[in-house]
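Trainee: What follows is start18.txt, made up of compact mmCIF, C-alpha atoms:
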# COMPACT_ATOMS: atom_id res chain seq x y z
CA MET F 1261 0.00 0.00 0.00
CA THR F 1262 2.91 2.30 0.87
CA HIS F 1263 4.30 1.56 -2.53
CA ASN F 1264 0.99 2.48 -4.07
CA ARG F 1265 0.77 5.75 -2.14
CA ARG F 1266 4.21 6.65 -3.37
CA THR F 1267 3.16 5.75 -6.93
CA GLU F 1268 -0.07 7.65 -6.55
CA ASN F 1269 1.78 10.88 -5.85
CA SER F 1270 4.21 10.57 -8.71
CA ALA F 1271 4.08 12.60 -11.89
CA GLU F 1272 3.98 9.35 -13.80
CA HIS F 1273 0.84 8.28 -11.96
CA HIS F 1274 -0.98 11.47 -12.92
CA GLU F 1275 0.21 11.21 -16.50
CA VAL F 1276 -0.90 7.59 -16.79
CA SER F 1277 -4.20 8.27 -15.07
CA ALA F 1278 -5.00 10.97 -17.63
CA LEU F 1279 -4.25 8.57 -20.48
CA LEU F 1280 -6.39 5.67 -19.25
CA PRO F 1281 -9.48 6.50 -21.34
CA TRP F 1282 -7.41 6.27 -24.50
CA TYR F 1283 -5.73 3.12 -23.26
CA VAL F 1284 -9.26 1.72 -22.92
CA ASN F 1285 -10.27 2.71 -26.47
CA GLU F 1286 -6.91 1.48 -27.80
CA THR F 1287 -5.88 4.65 -29.58
CA LEU F 1288 -2.70 5.40 -27.60
CA GLY F 1289 0.57 5.50 -29.47
CA GLU F 1290 3.10 2.75 -28.88
CA ARG F 1291 5.24 4.83 -26.52
CA ASP F 1292 2.37 5.93 -24.28
CA ARG F 1293 0.90 2.45 -24.27
CA ARG F 1294 4.17 1.01 -22.99
CA ILE F 1295 4.35 3.63 -20.22
CA VAL F 1296 0.79 2.79 -19.16
CA ASP F 1297 1.46 -0.95 -19.29
CA ALA F 1298 4.53 -0.58 -17.07
CA HIS F 1299 2.73 1.64 -14.58
CA LEU F 1300 -0.30 -0.64 -14.33
CA GLY F 1301 2.01 -3.40 -13.19
CA VAL F 1302 2.90 -1.49 -10.01
CA CYS F 1303 -0.16 0.71 -9.32
CA THR F 1304 -3.33 -0.91 -8.03
CA VAL F 1305 -5.10 2.47 -7.99
CA CYS F 1306 -4.70 2.83 -11.75
CA SER F 1307 -5.54 -0.85 -12.30
CA GLU F 1308 -8.82 -0.38 -10.44
CA ASP F 1309 -9.51 2.85 -12.30
CA LEU F 1310 -8.82 1.05 -15.58
CA ALA F 1311 -11.42 -1.58 -14.73
CA ALA F 1312 -13.90 1.17 -13.84
CA GLN F 1313 -13.25 3.05 -17.08
CA ARG F 1314 -13.78 -0.17 -19.05
CA ARG F 1315 -17.17 -0.62 -17.37
CA ILE F 1316 -18.16 2.96 -18.23
CA CYS F 1317 -16.92 2.56 -21.79
CA GLU F 1318 -18.92 -0.65 -22.22
CA ALA F 1319 -22.03 0.93 -20.71
CA ILE F 1320 -21.82 4.00 -22.97
CA SER F 1321 -21.17 1.86 -26.05
CA ALA F 1322 -24.08 -0.43 -25.20
CA GLN F 1323 -26.57 2.39 -25.00
CA PRO F 1324 -29.42 1.86 -27.41
CA ALA F 1325 -29.27 3.14 -30.94
CA ILE F 1326 -31.87 5.67 -31.92
CA ASP F 1327 -34.03 4.85 -34.89
CA TYR F 1328 -33.67 7.80 -37.18
CA MET F 1329 -34.74 8.02 -40.79
CA PRO F 1330 -31.70 9.14 -42.74
CA VAL F 1331 -33.34 8.96 -46.16
CA ALA F 1332 -36.12 11.35 -45.15
CA SER F 1333 -33.53 13.72 -43.66
CA LEU F 1334 -31.43 13.45 -46.81
CA LYS F 1335 -34.40 14.46 -48.95
CA ARG F 1336 -34.78 17.61 -46.88
CA LEU F 1337 -31.08 18.37 -47.34
CA GLN F 1338 -31.42 17.84 -51.09
CA ALA F 1339 -34.36 20.24 -51.14
CA ARG F 1340 -32.24 22.85 -49.36
CA LEU F 1341 -29.41 22.37 -51.85
CA ASP F 1342 -31.84 22.68 -54.77
CA THR F 1343 -33.24 25.87 -53.28
CA GLN F 1344 -29.75 27.30 -52.92
CA VAL F 1345 -28.87 26.45 -56.51
CA GLU F 1346 -32.14 27.91 -57.77
CA SER F 1347 -31.79 31.13 -55.83
CA ALA F 1348 -28.12 31.92 -56.22
CA GLY F 1349 -25.79 29.02 -56.72
CA ALA F 1350 -23.17 31.20 -55.12
CA LEU F 1351 -22.52 29.25 -51.94
CA ALA F 1352 -22.83 25.71 -53.21
CA PRO F 1353 -20.84 24.09 -55.96
CA PRO F 1354 -23.09 23.72 -59.03
CA PRO F 1355 -24.85 20.36 -59.21
CA GLU F 1356 -24.50 18.11 -62.22
CA GLN F 1357 -27.85 19.17 -63.72
CA SER F 1358 -26.93 22.85 -63.80
CA ALA F 1359 -25.64 22.71 -67.39
CA HIS F 1360 -29.13 21.85 -68.60
CA ARG F 1361 -30.65 24.83 -66.88
CA TRP F 1362 -27.94 27.28 -67.75
CA PRO F 1363 -26.35 26.34 -71.07
CA TRP F 1364 -23.91 29.26 -70.78
CA ARG F 1365 -22.33 27.37 -67.95
CA GLY F 1366 -21.35 24.53 -70.25
CA TRP F 1367 -17.67 25.27 -69.83
CA MET F 1368 -18.07 24.85 -66.11
CA ALA F 1369 -19.85 21.53 -66.55
CA ALA F 1370 -17.08 20.36 -68.87
CA SER F 1371 -14.49 21.37 -66.32
CA LEU F 1372 -16.35 19.55 -63.57
CA ALA F 1373 -16.72 16.47 -65.73
CA THR F 1374 -12.97 16.47 -66.32
CA MET F 1375 -12.36 16.77 -62.62
CA ALA F 1376 -14.89 13.98 -61.93
CA VAL F 1377 -13.08 11.69 -64.37
CA ALA F 1378 -9.80 12.49 -62.63
CA VAL F 1379 -11.38 11.70 -59.28
CA SER F 1380 -12.76 8.42 -60.63
CA LEU F 1381 -9.33 7.45 -61.86
CA LEU F 1382 -7.86 8.47 -58.55
CA ALA F 1383 -10.41 6.42 -56.61
CA ALA F 1384 -10.00 3.44 -58.89
CA GLY F 1385 -6.24 3.73 -58.55
CA ARG F 1386 -6.57 3.65 -54.79
CA TRP F 1387 -8.59 0.50 -54.98
CA VAL F 1388 -6.02 -1.15 -57.21
CA GLN F 1389 -3.28 -0.10 -54.79
CA MET F 1390 -5.18 -1.51 -51.85
CA GLU F 1391 -5.43 -4.84 -53.64
CA ALA F 1392 -1.74 -4.72 -54.43
CA ARG F 1393 -0.78 -3.66 -50.92
CA LEU F 1394 -1.26 -7.16 -49.62
CA THR F 1395 1.69 -8.35 -51.64
CA GLN F 1396 3.94 -5.36 -51.01
CA PRO F 1397 6.66 -5.11 -48.34
CA ASN F 1398 6.05 -3.10 -45.17
CA TYR F 1399 8.38 -0.31 -46.24
CA ARG F 1400 7.43 2.07 -49.02
CA THR F 1401 9.51 4.14 -51.36
CA VAL F 1402 8.50 6.85 -53.76
CA THR F 1403 10.06 4.99 -56.67
CA ASN F 1404 9.15 1.40 -55.96
CA SER F 1405 9.31 -1.39 -58.48
CA ALA F 1406 5.53 -1.78 -58.84
CA PRO F 1407 4.25 -1.59 -62.43
CA ARG F 1408 3.69 1.95 -63.59
CA PRO F 1409 0.05 2.95 -64.00
CA GLN F 1410 -0.76 3.33 -67.68
CA GLY F 1411 0.42 6.67 -69.02
CA GLU F 1412 2.37 7.60 -65.89
CA VAL F 1413 5.29 9.86 -66.69
CA ILE F 1414 5.83 11.60 -63.35
CA ARG F 1415 5.50 10.71 -59.69
CA ALA F 1416 4.92 13.59 -57.33
CA VAL F 1417 4.31 14.27 -53.66
CA PHE F 1418 2.43 17.39 -52.59
CA SER F 1419 2.24 19.16 -49.28
CA PRO F 1420 -0.42 17.53 -47.04
CA THR F 1421 -1.99 20.96 -46.58
CA ILE F 1422 -2.63 21.54 -50.27
CA THR F 1423 -6.28 21.98 -51.16
CA LEU F 1424 -7.97 20.21 -54.03
CA VAL F 1425 -8.33 23.46 -55.93
CA GLU F 1426 -4.63 24.30 -55.52
CA LEU F 1427 -3.69 20.80 -56.64
CA GLN F 1428 -5.86 21.05 -59.74
CA THR F 1429 -4.42 24.47 -60.61
CA ILE F 1430 -0.84 23.18 -60.43
CA LEU F 1431 -1.69 20.15 -62.56
CA ASP F 1432 -3.46 22.30 -65.15
CA GLU F 1433 -0.47 24.58 -65.35
CA ALA F 1434 1.95 21.67 -65.81
CA GLN F 1435 -0.54 20.07 -68.22
CA LEU F 1436 -0.70 16.88 -66.23
CA LYS F 1437 -3.50 14.68 -64.99
CA ILE F 1438 -3.77 12.21 -62.13
CA VAL F 1439 -3.80 8.57 -63.16
CA SER F 1440 -3.36 7.09 -59.70
CA GLY F 1441 -2.77 8.00 -56.07
CA PRO F 1442 -2.20 9.24 -53.57
CA THR F 1443 -0.58 6.17 -52.08
CA GLU F 1444 -0.17 5.88 -48.31
CA ALA F 1445 3.13 7.71 -48.78
CA GLY F 1446 1.20 10.49 -50.56
CA VAL F 1447 2.57 9.73 -54.03
CA TYR F 1448 0.53 10.67 -57.10
CA SER F 1449 1.11 9.12 -60.52
CA LEU F 1450 0.71 11.75 -63.21
CA ALA F 1451 0.25 11.47 -66.96
CA SER F 1452 0.85 14.11 -69.56
CA ASN F 1453 -2.18 15.98 -70.78
CA SER F 1454 -0.57 17.58 -73.79
CA THR F 1455 2.50 17.64 -76.01
CA LEU F 1456 4.49 19.46 -73.33
CA THR F 1457 7.67 17.52 -72.58
CA VAL F 1458 8.03 15.71 -69.31
CA ARG F 1459 11.01 17.87 -68.47
CA ALA F 1460 8.95 21.03 -68.98
CA SER F 1461 6.12 19.66 -66.86
CA LEU F 1462 8.61 18.74 -64.13
CA ALA F 1463 10.08 22.24 -64.21
CA LEU F 1464 6.63 23.76 -63.82
CA LEU F 1465 5.79 21.44 -60.94
CA ARG F 1466 9.03 22.18 -59.12
CA GLN F 1467 8.34 25.90 -59.14
CA HIS F 1468 5.70 25.38 -56.48
CA SER F 1469 6.61 25.17 -52.83
CA THR F 1470 3.68 22.82 -52.27
CA VAL F 1471 5.32 20.22 -54.53
CA ARG F 1472 7.55 18.26 -52.19
CA PHE F 1473 8.86 15.83 -54.77
CA ALA F 1474 8.54 15.36 -58.53
CA GLU F 1475 10.48 12.93 -60.71
CA GLY F 1476 10.04 11.45 -64.17
CA THR F 1477 9.41 7.70 -64.31
CA LEU F 1478 10.18 6.91 -67.93
CA PRO F 1479 12.97 4.33 -68.39
CA GLU F 1480 14.96 6.79 -70.49
CA PRO F 1481 15.14 10.32 -69.05
CA ASP F 1482 13.30 12.74 -71.25
CA SER F 1483 15.93 14.46 -73.31
CA GLY F 1484 13.67 17.02 -74.90
CA SER F 1485 14.58 20.63 -74.34
CA SER F 1486 12.59 22.85 -72.05
CA PRO F 1487 10.44 25.47 -73.72
CA MET X 575 -19.09 8.40 -60.87
CA THR X 576 -17.92 4.86 -60.19
CA LEU X 577 -16.39 4.41 -56.79
CA PRO X 578 -14.32 1.42 -55.74
CA VAL X 579 -16.24 -1.20 -53.80
CA LYS X 580 -13.45 -2.63 -51.70
CA ASN X 581 -11.97 0.56 -50.22
CA SER X 582 -11.25 0.91 -46.53
CA PRO X 583 -13.63 3.38 -44.81
CA LYS X 584 -10.94 6.08 -44.70
CA GLU X 585 -10.08 5.73 -48.37
CA ARG X 586 -13.74 5.59 -49.31
CA ASP X 587 -14.43 8.79 -47.32
CA SER X 588 -11.51 10.56 -49.02
CA ALA X 589 -12.65 9.46 -52.48
CA LEU X 590 -16.20 10.60 -51.74
CA LEU X 591 -15.01 13.98 -50.53
CA LEU X 592 -12.92 14.46 -53.66
CA ALA X 593 -15.99 13.69 -55.73
CA ILE X 594 -18.05 16.14 -53.65
CA ALA X 595 -15.43 18.81 -54.29
CA ALA X 596 -16.05 18.20 -57.99
CA GLY X 597 -19.79 18.79 -57.48
CA ASP X 598 -20.99 15.18 -57.35
CA ARG X 599 -24.34 15.11 -55.52
CA ARG X 600 -24.43 11.29 -55.44
CA ALA X 601 -21.15 11.24 -53.55
CA LEU X 602 -22.64 13.70 -51.06
CA GLU X 603 -25.63 11.40 -50.57
CA GLU X 604 -23.41 8.39 -50.00
CA LEU X 605 -21.25 10.22 -47.49
CA TYR X 606 -24.37 11.57 -45.76
CA LEU X 607 -25.90 8.13 -45.35
CA SER X 608 -22.67 6.60 -44.11
CA PHE X 609 -22.25 9.27 -41.43
CA HIS X 610 -25.87 9.79 -40.42
CA ARG X 611 -26.11 7.12 -37.75
CA ARG X 612 -22.93 8.00 -35.86
CA LEU X 613 -23.63 11.74 -36.10
CA ALA X 614 -27.20 11.21 -34.87
CA ARG X 615 -25.96 9.22 -31.91
CA PHE X 616 -23.27 11.81 -31.12
CA LEU X 617 -25.63 14.76 -31.50
CA SER X 618 -28.25 13.14 -29.32
CA ARG X 619 -25.85 13.98 -26.47
CA PHE X 620 -26.50 17.62 -27.28
CA THR X 621 -30.21 17.43 -27.73
CA PRO X 622 -32.78 14.64 -27.56
CA ARG X 623 -35.07 16.26 -30.12
CA TYR X 624 -34.87 14.55 -33.48
CA GLU X 625 -35.77 17.69 -35.40
CA ASN X 626 -32.77 19.44 -33.82
CA VAL X 627 -30.47 16.51 -34.54
CA GLU X 628 -31.59 16.41 -38.16
CA GLU X 629 -31.16 20.14 -38.56
CA ILE X 630 -27.61 20.00 -37.20
CA ILE X 631 -26.72 17.05 -39.46
CA ASN X 632 -28.09 18.84 -42.51
CA ASP X 633 -26.33 22.08 -41.58
CA THR X 634 -23.14 20.06 -41.21
CA PHE X 635 -23.48 18.56 -44.68
CA LEU X 636 -24.23 21.91 -46.22
CA VAL X 637 -20.84 23.01 -44.91
CA VAL X 638 -19.29 19.78 -46.22
CA TRP X 639 -20.79 20.48 -49.66
CA GLN X 640 -19.56 24.05 -49.70
CA SER X 641 -16.12 23.44 -48.19
CA ALA X 642 -15.05 20.06 -49.58
CA LYS X 643 -12.70 21.76 -52.03
CA ASP X 644 -10.87 23.40 -49.12
CA PHE X 645 -10.41 20.18 -47.14
CA ARG X 646 -6.79 19.55 -46.30
CA ASN X 647 -5.47 16.03 -46.02
CA ALA X 648 -3.78 16.91 -42.73
CA SER X 649 -6.73 15.34 -40.92
CA GLN X 650 -9.08 12.45 -41.54
CA VAL X 651 -12.36 13.13 -43.29
CA SER X 652 -14.31 11.71 -40.34
CA THR X 653 -12.50 13.99 -37.87
CA TRP X 654 -13.23 16.96 -40.10
CA ILE X 655 -16.93 16.17 -40.45
CA ILE X 656 -17.47 15.41 -36.76
CA GLY X 657 -15.65 18.65 -35.93
CA ILE X 658 -18.06 20.58 -38.16
CA ALA X 659 -20.99 18.83 -36.49
CA TYR X 660 -19.57 19.63 -33.05
CA ARG X 661 -19.21 23.34 -33.79
CA THR X 662 -22.61 23.51 -35.48
CA ALA X 663 -24.20 21.81 -32.49
CA LEU X 664 -22.48 24.09 -29.99
CA LYS X 665 -23.84 27.14 -31.83
CA SER X 666 -27.29 25.61 -31.93
CA PHE X 667 -27.12 24.64 -28.27
CA ARG X 668 -26.04 28.10 -27.18
CA ARG X 669 -28.95 29.60 -29.10
CA GLN X 670 -31.41 27.25 -27.49
CA LYS X 671 -30.02 26.62 -24.04
CA ASN X 672 -32.55 28.85 -22.41
CA HIS X 673 -35.33 26.96 -24.11
CA ALA X 674 -35.87 23.25 -24.59
CA GLY X 675 -32.34 22.28 -25.61
CA ALA X 676 -31.18 21.03 -22.23
CA ARG X 677 -31.86 17.34 -21.88
CA SER X 678 -33.59 15.45 -19.15
CA LEU X 679 -34.73 11.88 -18.65
CA GLU X 680 -38.22 12.84 -19.78
CA ASP X 681 -36.77 13.39 -23.23
CA TYR X 682 -35.95 9.73 -23.80
CA PRO X 683 -39.23 8.03 -24.73
CA GLU X 684 -38.49 8.45 -28.46
CA GLN X 685 -35.57 6.08 -28.19
CA THR X 686 -35.70 2.43 -29.06
CA VAL X 687 -34.42 0.43 -26.10
CA ASP X 688 -32.33 -2.62 -26.73
CA PRO X 689 -34.06 -5.35 -24.68
CA THR X 690 -30.74 -7.02 -23.98
CA LEU X 691 -29.47 -3.95 -22.15
CA ASP X 692 -30.05 -3.63 -18.46
CA ALA X 693 -32.65 -0.85 -18.35
CA GLU X 694 -31.59 0.20 -14.89
CA VAL X 695 -27.97 0.70 -15.92
CA HIS X 696 -29.15 2.54 -19.02
CA ASP X 697 -31.29 5.02 -17.07
CA TRP X 698 -28.68 5.33 -14.39
CA LEU X 699 -25.94 6.09 -16.88
CA ASN X 700 -28.06 8.62 -18.73
CA HIS X 701 -28.85 10.36 -15.52
CA GLY X 702 -25.19 10.49 -14.54
CA LEU X 703 -24.15 11.76 -17.99
CA SER X 704 -26.92 14.35 -18.03
CA ARG X 705 -25.40 15.92 -14.93
CA LEU X 706 -22.06 16.53 -16.63
CA PRO X 707 -21.28 19.79 -18.41
CA MET X 708 -21.72 19.38 -22.15
CA GLU X 709 -18.02 19.48 -23.06
CA GLN X 710 -17.25 16.72 -20.55
CA ARG X 711 -20.18 14.60 -21.72
CA LEU X 712 -19.11 14.93 -25.34
CA THR X 713 -15.50 14.10 -24.55
CA LEU X 714 -16.68 10.86 -22.99
CA GLU X 715 -18.86 10.12 -25.99
CA LEU X 716 -16.08 10.87 -28.49
CA ALA X 717 -13.63 8.63 -26.65
CA TYR X 718 -15.80 5.82 -25.35
CA HIS X 719 -18.45 5.43 -27.98
CA MET X 720 -16.84 6.82 -31.12
CA GLY X 721 -13.34 5.60 -30.27
CA HIS X 722 -11.43 8.77 -31.11
CA SER X 723 -7.86 9.33 -30.01
CA LEU X 724 -6.82 12.17 -27.73
CA GLU X 725 -5.41 14.13 -30.67
CA GLU X 726 -8.52 13.58 -32.79
CA ILE X 727 -10.78 14.85 -30.00
CA ALA X 728 -8.55 17.91 -29.66
CA ALA X 729 -8.97 18.51 -33.42
CA ILE X 730 -12.73 17.92 -33.36
CA THR X 731 -13.31 20.22 -30.40
CA ASP X 732 -10.67 22.69 -31.55
CA CYS X 733 -8.89 22.87 -28.22
CA PRO X 734 -5.51 21.80 -26.82
CA VAL X 735 -4.82 18.19 -25.84
CA GLY X 736 -4.41 19.34 -22.23
CA THR X 737 -7.94 20.70 -22.23
CA VAL X 738 -9.30 17.38 -23.50
CA LYS X 739 -7.45 15.54 -20.73
CA ALA X 740 -8.78 17.97 -18.14
CA ARG X 741 -12.38 17.58 -19.37
CA MET X 742 -12.06 13.83 -19.28
CA PHE X 743 -10.51 13.93 -15.81
CA HIS X 744 -13.38 16.00 -14.42
CA ALA X 745 -15.96 13.84 -16.19
CA ARG X 746 -14.47 10.72 -14.61
CA GLU X 747 -14.36 12.31 -11.17
CA LYS X 748 -18.01 13.31 -11.38
CA LEU X 749 -19.11 9.94 -12.68
CA ARG X 750 -17.21 8.37 -9.79
CA GLN X 751 -19.55 10.27 -7.50
CA TYR X 752 -22.73 9.94 -9.54
CA LEU X 753 -22.27 6.29 -10.54
CA PRO X 754 -20.25 4.69 -7.75
CA ALA X 755 -21.08 1.10 -8.70
CA LEU X 756 -20.12 1.58 -12.34
CA SER X 757 -17.10 3.72 -11.53
CA GLY X 758 -15.85 1.45 -8.81
CA ALA X 759 -15.80 4.09 -6.08
CA PRO X 760 -16.18 3.00 -2.46
CA SER X 761 -19.83 3.06 -1.37
CA GLY X 762 -19.09 5.77 1.17
CA LEU X 763 -18.47 8.20 -1.66
CA SER X 764 -21.73 7.55 -3.41
CA ALA X 765 -23.89 10.48 -4.15
CA ARG X 766 -27.60 10.13 -4.34
CA ILE X 767 -29.01 10.29 -7.81
CA GLY X 768 -32.09 12.36 -8.41
Step by step, read the file and then write its structure as structure tokens.
Mentor:
Amino acid sequence: MTHNRRTENSAEHHEVSALLPWYVNETLGERDRRIVDAHLGVCTVCSEDLAAQRRICEAISAQPAIDYMPVASLKRLQARLDTQVESAGALAPPPEQSAHRWPWRGWMAASLATMAVAVSLLAAGRWVQMEARLTQPNYRTVTNSAPRPQGEVIRAVFSPTITLVELQTILDEAQLKIVSGPTEAGVYSLASNSTLTVRASLALLRQHSTVRFAEGTLPEPDSGSSP
Amino acid sequence: MTLPVKNSPKERDSALLLAIAAGDRRALEELYLSFHRRLARFLSRFTPRYENVEEIINDTFLVVWQSAKDFRNASQVSTWIIGIAYRTALKSFRRQKNHAGARSLEDYPEQTVDPTLDAEVHDWLNHGLSRLPMEQRLTLELAYHMGHSLEEIAAITDCPVGTVKARMFHAREKLRQYLPALSGAPSGLSARIG
């Protein structure tokens, strides 16, 4: 008991006690989890508290679900979105049908369609990577030996804080499109969108501080001259 | 838009949000339906009234629709959406707290009770939780029901990790008094409920 009192007053005890809820829900990092494990071995106060927190966690998790009707709620949201589009269209992104109502916005619809195709390719690429991940080693490199996605000429890594709009702007400028990615390491596979040389596209990419890495992936380095 | 069938939830959420940023209403619907249940459960800790819960969820997804293009991959999509719901709910709660927003046990009859759950523990727990300040109650819910990490809760509630720890500490101390059997406190410490 004396030992426990001494433990109870220690800084470690207070630190571990504060972490117990996240030990219970198993989201602690490896380092913190080891500290908690070690402390639990010598502190009965924390061991008892851990058991109590597990009971509370189980009781909260076991509370009854509430029968809501998401589809009915969704219809009301859709009605609100439709109203917004009808009245202004300023706050919300234009829905897919907008081109039919406002033909002069055709260019916008075309742009969105292009973006949607890119997103589809991106999503499909992610799925393919997930399938392939099972056979890949635990480490990952930017230039691994996996087969190149069709059309890939450049692999690039962008800042994690880049927005989708910023990303699209950079790709448009470098005349590139996404064919796959991002991988877990954040790598995008990019294909050329025009006759611009790979070297020129790389130079344009590398001008941006939000491009962390950009390299050509063709077997022979592109020897074309920059514009 | 064709979305991959075998994605992990995180990858699927990211792909859906990318599609939403491109103006895809079907992606918004899919994301809405996949989040509705957990948001409804979470928001029911703010208010027991379904109309309020629905309004907050729909307000949240209006923000998702409008802001998807600005989402930064620094956080998970789920953390981002729950954070929007949290802030939307806080605003709503502050507007209504002098009215019918505060919850009480009388607000529960709408709920469907799982017959396998001990009804006494259920009522007892709800009563104990209802006596906690909202931030403490929600911290418990985010950690114990939704399984969020300390850092994720800090991101969702937009406050430092230390504040999250402090809220959880006070919530546990109060539950120790309110729910001595569940919290394992000695019987001498028990506080009378009701």
Trainee: Here is a test: counting only C-alpha atoms, which residue of X:Trp654, X:Ala728, X:Lys739, X:Tyr660 is nearest to chain F?
Mentor: X:Lys739
Trainee: Using all atoms listed in the file, which of F:Val1276, F:Ala1312, F:Val1471, F:Val1284 sits nearest chain X?
Mentor: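 Checking each of F:Val1276, F:Ala1312, F:Val1471, F:Val1284 against chain X, counting all atoms listed in the file, the winner is F:Ala1312.
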Trainee: Taking all atoms of segment 624-629 of chain X that the file lists and extending 4 Å past them on each side, where is the centre of the axis-aligned box and how long are its edges? Answer in Å to one decimal, as AutoDock Vina command-line options.
Mentor:
--center_x -33.1 --center_y 17.3 --center_z -36.0 --size_x 13.3 --size_y 13.6 --size_z 13.1
Trainee: Just how far from atom CA of Ala1271 of chain F is atom CA of Glu709 of chain X, in Å to one decimal?
Mentor: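 Between atom CA of Glu709 of chain X and atom CA of Ala1271 of chain F the gap is 25.7 Å.
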Trainee: For a quick check of understanding, using all atoms listed in the file, which of X:Ser652, X:Thr662, X:Gln710, X:Ser588 has the smallest distance to chain F?
Mentor: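 Answer, going by the shortest atom-to-atom distance: X:Ser588.
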Trainee: Could you give me, as a PyMOL selection string, the residues within 8 Å of segment 1415-1427 of chain F, counting only C-alpha atoms and dropping anything in the same chain fewer than 3 positions from it?
Mentor: (chain F and resi 1402-1403+1412+1430-1431+1446-1450+1470-1477) or (chain X and resi 592+595+643-648)
Trainee: Just want the 10 Å neighbourhood of Ile1295 of chain F, counted on all atoms listed in the file, with same-chain residues fewer than 5 positions away dropped. Output as a list in words.
Mentor: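 Result of the neighbour search: Glu1272, Glu1275, Val1276, Leu1279, Glu1290 and Leu1300 of chain F.
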Trainee: Check the smallest atom-to-atom distance from each of X:Arg623, X:Arg711, X:His610, X:Lys748 to chain F using all atoms listed in the file, then report the winner.
Mentor: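 The shortest atom-to-atom distance to chain F comes from X:His610.
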Trainee: Using all atoms listed in the file for the distances, tell me which of X:Thr737, X:Gln640, X:Thr634, X:Thr731 is nearest to chain F.
Mentor: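 For chain F, the nearest of the candidates is X:Gln640.
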Trainee: Atom CA of Ile1438 of chain F to atom CA of Gly657 of chain X: how many Å, to one decimal?
Mentor: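 For atom CA of Ile1438 of chain F relative to atom CA of Gly657 of chain X, the distance reads 29.5 Å.
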Trainee: May I ask which of the residues X:Arg668, X:Met708, X:Tyr752, X:Arg746 is the closest one to chain F, counting all atoms listed in the file?
Mentor: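 Among the listed residues, X:Arg746 lies closest to chain F.
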Trainee: Work out how far apart atom CA of Arg750 of chain X and atom CA of Asp1292 of chain F are and give it in Å to one decimal.
Mentor: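 We find that atom CA of Arg750 of chain X and atom CA of Asp1292 of chain F lie 24.5 Å from each other.
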